[in-house]
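Below is one structure, written out as structure tokens; comments come after it.
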Amino acid sequence: MRSIIRACAVLALACSPAHAFMIDDYFGAHRVTDLTLSSDGKELVYVVAKGVMAADDALERTVYLQSLAGNSQPTVVTGLSGAAKLRWIPGKRQLSFVCKQPKVAQLCSYDIATGKTAVLTDSTDAVEKYSFSADGNTLAYLSRRAAEPTTSLYRRLLNDEPGVVIDTDTLSVYDFVDPNRATAQYPLPATLWIKDANGRVSQVPVPGEPGGPGGAFHWSSDGALLSVTYVSADLPKSLLGIYSRTSLGVFERASGDFRIIGKATDPKGDEPSVMFRGGEWIPGAHRLLVLRAFEKESDPWVGKSFPDWTVMGAREPLPPAPSAWHNVETYGSNTAFFPISDRRILQQTTYRGVDSLYQLVGNGVERAPVVAGVDGGSSMFAFSADDKTVAFVSSSLTRLQEIYISKAGGRARQLTHLNDAISKRVSFTAREVTWKSDDGTLAQGWLLEPPASKFPSRPWPMLTHVHGGPGVAMPDSFGPYAALWTYPLEVLVSRGIAVFLPNYRGTKTFGRAFAQPSDNGKEPVEDILSGIQSLIDSGSADRTRLAISGHSHGGWLAPLAMAKGQSRGLKFLAGSFAEGTTNKIMMYALMSGDLNRQVHDPLNGGSFFDAPERYLEDTPELAYRGLSTAVLFEAGATNLGIGMMTAPKATKHFGLPTEYIIYPRTGHNPFLTRIQREIAERNLDWFEFWMLGRVDPAPAKREQYQRWSAARTDKPS
């Protein structure tokens, strides 16, 4: 074994070319975190952070101001280094932003010409969101009182108190491990305010709590009306999310009246719930975009993503005729609508796995001309007041983020070169792949292929990464999973291991039928395994050198696919699964009763107590017999560290080489840079060791390889 390790150490050095994309590049790359275009379309302000992924402790943020005339170079705006939610104040050469103040966050302004900062609000509670009217004279802002940090069960159990009465309908494992669970799940209510040109502040009489997807409020062009998305006071907050079932209304400043456009309801048996959102105004008119979604108890993940939309007058009733409503799929937290006119409404969303700007066309969408000629995915769209200049951020699976500008309908041009140095080290390629699943359903995904100049021989060893969600589409964007769990997929492909990213059934952006499989366990597994088989058949993947990984929902589905693959002759050398409960009975026990009733019961055809056989069938831990896969399990200490305890016990019981890591100060996603790096390095080492026999010769990793070598079942000589 020692001779093998010495030989592999040499191999590890040989397959780490000096100019290949490496783990350091995830943390050295530049990422645009905010972008705002001036009303006249002549100046752009954008914020750049270090790292492909978000990190709470990566505080280095640089704000740039760039003229869009000629070949002007950006300048650093030092006075805005700590600014958040930067926006141009309409009609002025000033920027607004949420700023830290001695007591609570307020809204501030920054004058470009003088460099002076002013505080615009005097709120008792922290300012979270805001919006200026089109003339820049009236301000709407949302404030929220901070919750006391001593209300969670975690803290109560640490105190010297009497026994605590427990409500199993609301209690979950997270309450025992996360000190901030209570305040994070149910923050204190928010309040919406208006400050007029004379400095007078008044509260908007919202019949509930303002907030929701896509923002919370929008001004009409003349500033006379304010649309508001809110949670009705008489509707209980859903465990599916604080703003899961929102209503929509309009506040008229002159009269002080609040008119309800559409009021949300809860589901009751076969009667679906209904929710409303939207509120974006048609320019120059008192007409607004309204989204209405129906959600049955049997489709808790799907209904709200497929709303009907219409454009209607602010004082009109909801159109009763079905022909007035059109269906569209909305996906992702960054979904946004940009009405240009009654007949032209643009939507920033993801469609068939591609983030971009689309135009609503009847019951579908088509790519907007603004992004013509730009490959990959695009987001963070910002428009000038006349909609003739557009700025946005774009990347692809093989191209890091840059900012693009489109003027007067012309082809977009690249404005920045933030990542030129790192982009030169990206030598792997990517392509879209499609295949037919077992029942003939067409599925889609992406294949990252090793650089042909270094690894010309096919078939390649291949890692299949199963995304979480289940709705999270794997997009054509760089590092598509790095911000959720730092699997070093791009480094692995640079070092000779192809990476397959399947968008299986349950994934959104491919239509309602695809997003809602009739069998939540069977069909997604069939999609994944048939996709792997298609790549073997085409000569891309080496059947003898397969691996699989998954996070969150994928941390359950990928182990199920690993187990079910045996019947197809698909054997995996290595697996790595994070933040997923691979024992459905354990999951049911550790989640709250309300969440089980709202989510797990409908997805699994009934309660565990009434239909235990389905929970057993979809528990991968019971199907590991006969496997020889080396499995790495990872969890966050404040999330599923306890929930995954049976996973390594099961693999060890069946004789599989196993390692279980719990990361301190980590939840469902890692937000500390050192933890992100540790995850990336461990997974790189894990897959190279078990798939290719490579060993990183660094002395600090010697103990790691000794553990793994001792766990080998094949015992190579």
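Residue numbering restarts at 1 in every chain; chains get A, B, ... in the order shown in the structure tokens, and ligands count up from 1 in that same order.
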
Next item on the list: For region 459-470 of chain A, work out the shell of residues within 8 Å, counting only C-alpha atoms and skipping chain neighbours fewer than 3 positions away, then give it as a VMD selection string.
Entry: chain A and resid 473 to 474 481 496 to 503 506 to 507 532 536 539 to 555 557 to 558 691

Notebook entry, point to check: When DSSP works through the backbone of this structure, what residues of region 65-192 of chain A end up as helix (DSSP H, G or I), shown as a ChimeraX atom specification?
Noted result: /A:78-80,153-158,174-177,181-185

Would you put the residues from that selection into a file with N, CA and C atoms, as a short mmCIF file (atom, residue, chain, number, x, y, z; two decimals), in the first residue's frame?
data_model
loop_
_atom_site.label_atom_id
_atom_site.label_comp_id
_atom_site.auth_asym_id
_atom_site.auth_seq_id
_atom_site.Cartn_x
_atom_site.Cartn_y
_atom_site.Cartn_z
N THR A 78 -15.01 55.07 -2.64
CA THR A 78 -14.59 54.63 -1.31
C THR A 78 -15.64 54.94 -0.25
N GLY A 79 -16.44 55.97 -0.44
CA GLY A 79 -17.43 56.35 0.55
C GLY A 79 -18.60 55.38 0.66
N LEU A 80 -18.66 54.38 -0.22
CA LEU A 80 -19.78 53.43 -0.22
C LEU A 80 -19.32 52.00 0.05
N LEU A 153 -35.99 27.60 21.51
CA LEU A 153 -35.98 26.47 22.42
C LEU A 153 -34.54 26.11 22.81
N TYR A 154 -33.63 26.23 21.86
CA TYR A 154 -32.21 25.95 22.12
C TYR A 154 -31.73 26.74 23.35
N ARG A 155 -32.06 28.02 23.39
CA ARG A 155 -31.60 28.86 24.51
C ARG A 155 -32.37 28.56 25.79
N ARG A 156 -33.66 28.26 25.65
CA ARG A 156 -34.45 27.96 26.84
C ARG A 156 -33.94 26.69 27.53
N LEU A 157 -33.53 25.70 26.75
CA LEU A 157 -33.06 24.45 27.33
C LEU A 157 -31.67 24.60 27.96
N LEU A 158 -30.95 25.65 27.58
CA LEU A 158 -29.64 25.90 28.18
C LEU A 158 -29.76 26.63 29.51
N TYR A 174 -34.23 21.22 14.30
CA TYR A 174 -33.50 22.48 14.20
C TYR A 174 -33.61 23.31 15.48
N ASP A 175 -34.71 23.15 16.20
CA ASP A 175 -34.89 23.90 17.44
C ASP A 175 -33.88 23.49 18.51
N PHE A 176 -33.34 22.29 18.41
CA PHE A 176 -32.37 21.81 19.41
C PHE A 176 -30.94 22.21 19.08
N VAL A 177 -30.67 22.55 17.83
CA VAL A 177 -29.27 22.78 17.43
C VAL A 177 -29.00 24.20 16.94
N ARG A 181 -33.04 29.78 15.60
CA ARG A 181 -34.11 29.16 14.81
C ARG A 181 -35.43 29.92 14.91
N ALA A 182 -35.85 30.25 16.10
CA ALA A 182 -37.18 30.86 16.27
C ALA A 182 -37.28 32.20 15.56
N THR A 183 -36.29 33.05 15.73
CA THR A 183 -36.35 34.38 15.12
C THR A 183 -36.14 34.33 13.62
N ALA A 184 -35.39 33.35 13.13
CA ALA A 184 -35.16 33.24 11.69
C ALA A 184 -36.40 32.74 10.97
N GLN A 185 -37.12 31.80 11.60
CA GLN A 185 -38.30 31.23 10.96
C GLN A 185 -39.47 32.20 10.97
#

Next item on the list: Select from region 95-161 of chain A everything DSSP, run on the backbone, classes as strand (DSSP E or B), then give the selection as a VMD selection string.
Entry: chain A and resid 95 to 99 106 to 111 117 to 119 126 to 132 139 to 144

Please report as a tab-separated table every residue of region 466-543 of chain A lying within 12 Å of region 634-649 of chain A, along with the nearest atom pair and their distance in Å (one decimal), using only C-alpha atoms.
residue	atom	partner	partner_atom	distance
A:Trp485	CA	A:Glu634	CA	10.0
A:Thr486	CA	A:Glu634	CA	11.3
A:Tyr487	CA	A:Glu634	CA	11.3

At a cut-off of 7 Å, using only C-alpha atoms, what residues contact Tyr358 (chain A)? Leave out same-chain residues fewer than 5 positions from it and give the result as a PDB file with N, CA and C atoms, in the first residue's frame.
ATOM      1  N   LEU A 346     -41.354  41.940 -19.852  1.00  0.00           N
ATOM      2  CA  LEU A 346     -40.142  41.131 -19.776  1.00  0.00           C
ATOM      3  C   LEU A 346     -40.043  40.478 -18.405  1.00  0.00           C
ATOM      4  N   GLN A 347     -39.451  39.298 -18.381  1.00  0.00           N
ATOM      5  CA  GLN A 347     -39.309  38.548 -17.138  1.00  0.00           C
ATOM      6  C   GLN A 347     -37.884  38.031 -17.008  1.00  0.00           C
ATOM      7  N   GLN A 348     -37.247  38.361 -15.887  1.00  0.00           N
ATOM      8  CA  GLN A 348     -35.957  37.741 -15.558  1.00  0.00           C
ATOM      9  C   GLN A 348     -36.255  36.441 -14.822  1.00  0.00           C
ATOM     10  N   VAL A 365     -42.872  31.901 -23.014  1.00  0.00           N
ATOM     11  CA  VAL A 365     -41.877  32.973 -23.059  1.00  0.00           C
ATOM     12  C   VAL A 365     -40.980  32.777 -24.272  1.00  0.00           C
ATOM     13  N   GLU A 366     -40.324  33.847 -24.673  1.00  0.00           N
ATOM     14  CA  GLU A 366     -39.288  33.769 -25.697  1.00  0.00           C
ATOM     15  C   GLU A 366     -38.141  34.677 -25.278  1.00  0.00           C
ATOM     16  N   ARG A 367     -36.917  34.321 -25.697  1.00  0.00           N
ATOM     17  CA  ARG A 367     -35.732  35.074 -25.277  1.00  0.00           C
ATOM     18  C   ARG A 367     -35.815  36.517 -25.767  1.00  0.00           C
ATOM     19  N   ALA A 368     -35.522  37.464 -24.878  1.00  0.00           N
ATOM     20  CA  ALA A 368     -35.562  38.880 -25.233  1.00  0.00           C
ATOM     21  C   ALA A 368     -34.364  39.243 -26.109  1.00  0.00           C
TER      22      ALA A 368
END

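Proximity to Phe577 (chain A) was assessed for A:Ser592, A:Lys304, A:Ile661, A:Gly531 counting only C-alpha atoms; the smallest distance is recorded for A:Ile661.
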
Check: CA of Arg399 (chain A) and CA of Gly70 (chain A), how far apart in Å?
Finding: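 That distance, rounded to one decimal, is 25.2 Å.
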
Checklist line | Shell around Val328 (chain A) at 6 Å using only C-alpha atoms, local window under 6 positions removed, as a PyMOL selection string | finding: chain A and resi 306-307+363-364

Any chance you could tabulate, as JSON lines, the residues of region 486-574 of chain A at most 8 Å from region 17-30 of chain A with each one's nearest atom pair and distance in Å to one decimal, using only C-alpha atoms, in chain and rising number order?
{"residue": "A:Pro488", "atom": "CA", "partner": "A:Ile23", "partner_atom": "CA", "distance": 7.0}
{"residue": "A:Glu490", "atom": "CA", "partner": "A:Phe21", "partner_atom": "CA", "distance": 7.2}
{"residue": "A:Val491", "atom": "CA", "partner": "A:Met22", "partner_atom": "CA", "distance": 5.4}
{"residue": "A:Ser494", "atom": "CA", "partner": "A:Ala20", "partner_atom": "CA", "distance": 6.2}
{"residue": "A:Arg495", "atom": "CA", "partner": "A:Ala20", "partner_atom": "CA", "distance": 7.9}

Note to self: If we count only C-alpha atoms and set the cut-off at 6 Å, which residues sit around region 133-149 of chain A, ignoring sequence neighbours fewer than 5 positions away in its own chain? Please answer as a ChimeraX atom specification.
What the structure shows: /A:89-90,125-128,190-197,219,221,223

Taking C-alpha atoms for each residue, export the selection above as a PDB file, in the first residue's frame.
ATOM      1  CA  ILE A  89     -32.331  58.062  -6.882  1.00  0.00           C
ATOM      2  CA  PRO A  90     -34.458  58.792  -9.978  1.00  0.00           C
ATOM      3  CA  ASP A 125     -36.823  49.868  13.462  1.00  0.00           C
ATOM      4  CA  ALA A 126     -34.263  48.733  10.902  1.00  0.00           C
ATOM      5  CA  VAL A 127     -34.945  49.666   7.276  1.00  0.00           C
ATOM      6  CA  GLU A 128     -34.941  46.567   5.030  1.00  0.00           C
ATOM      7  CA  ALA A 190     -42.680  44.556   9.180  1.00  0.00           C
ATOM      8  CA  THR A 191     -44.268  47.989   8.637  1.00  0.00           C
ATOM      9  CA  LEU A 192     -44.537  49.987   5.411  1.00  0.00           C
ATOM     10  CA  TRP A 193     -44.013  53.755   5.473  1.00  0.00           C
ATOM     11  CA  ILE A 194     -44.166  56.660   3.030  1.00  0.00           C
ATOM     12  CA  LYS A 195     -42.025  59.780   3.287  1.00  0.00           C
ATOM     13  CA  ASP A 196     -43.168  62.625   1.003  1.00  0.00           C
ATOM     14  CA  ALA A 197     -41.240  65.509  -0.534  1.00  0.00           C
ATOM     15  CA  TRP A 219     -44.864  52.866  -7.439  1.00  0.00           C
ATOM     16  CA  SER A 221     -45.300  56.118 -12.897  1.00  0.00           C
ATOM     17  CA  GLY A 223     -46.378  58.262  -7.822  1.00  0.00           C
TER      18      GLY A 223
END
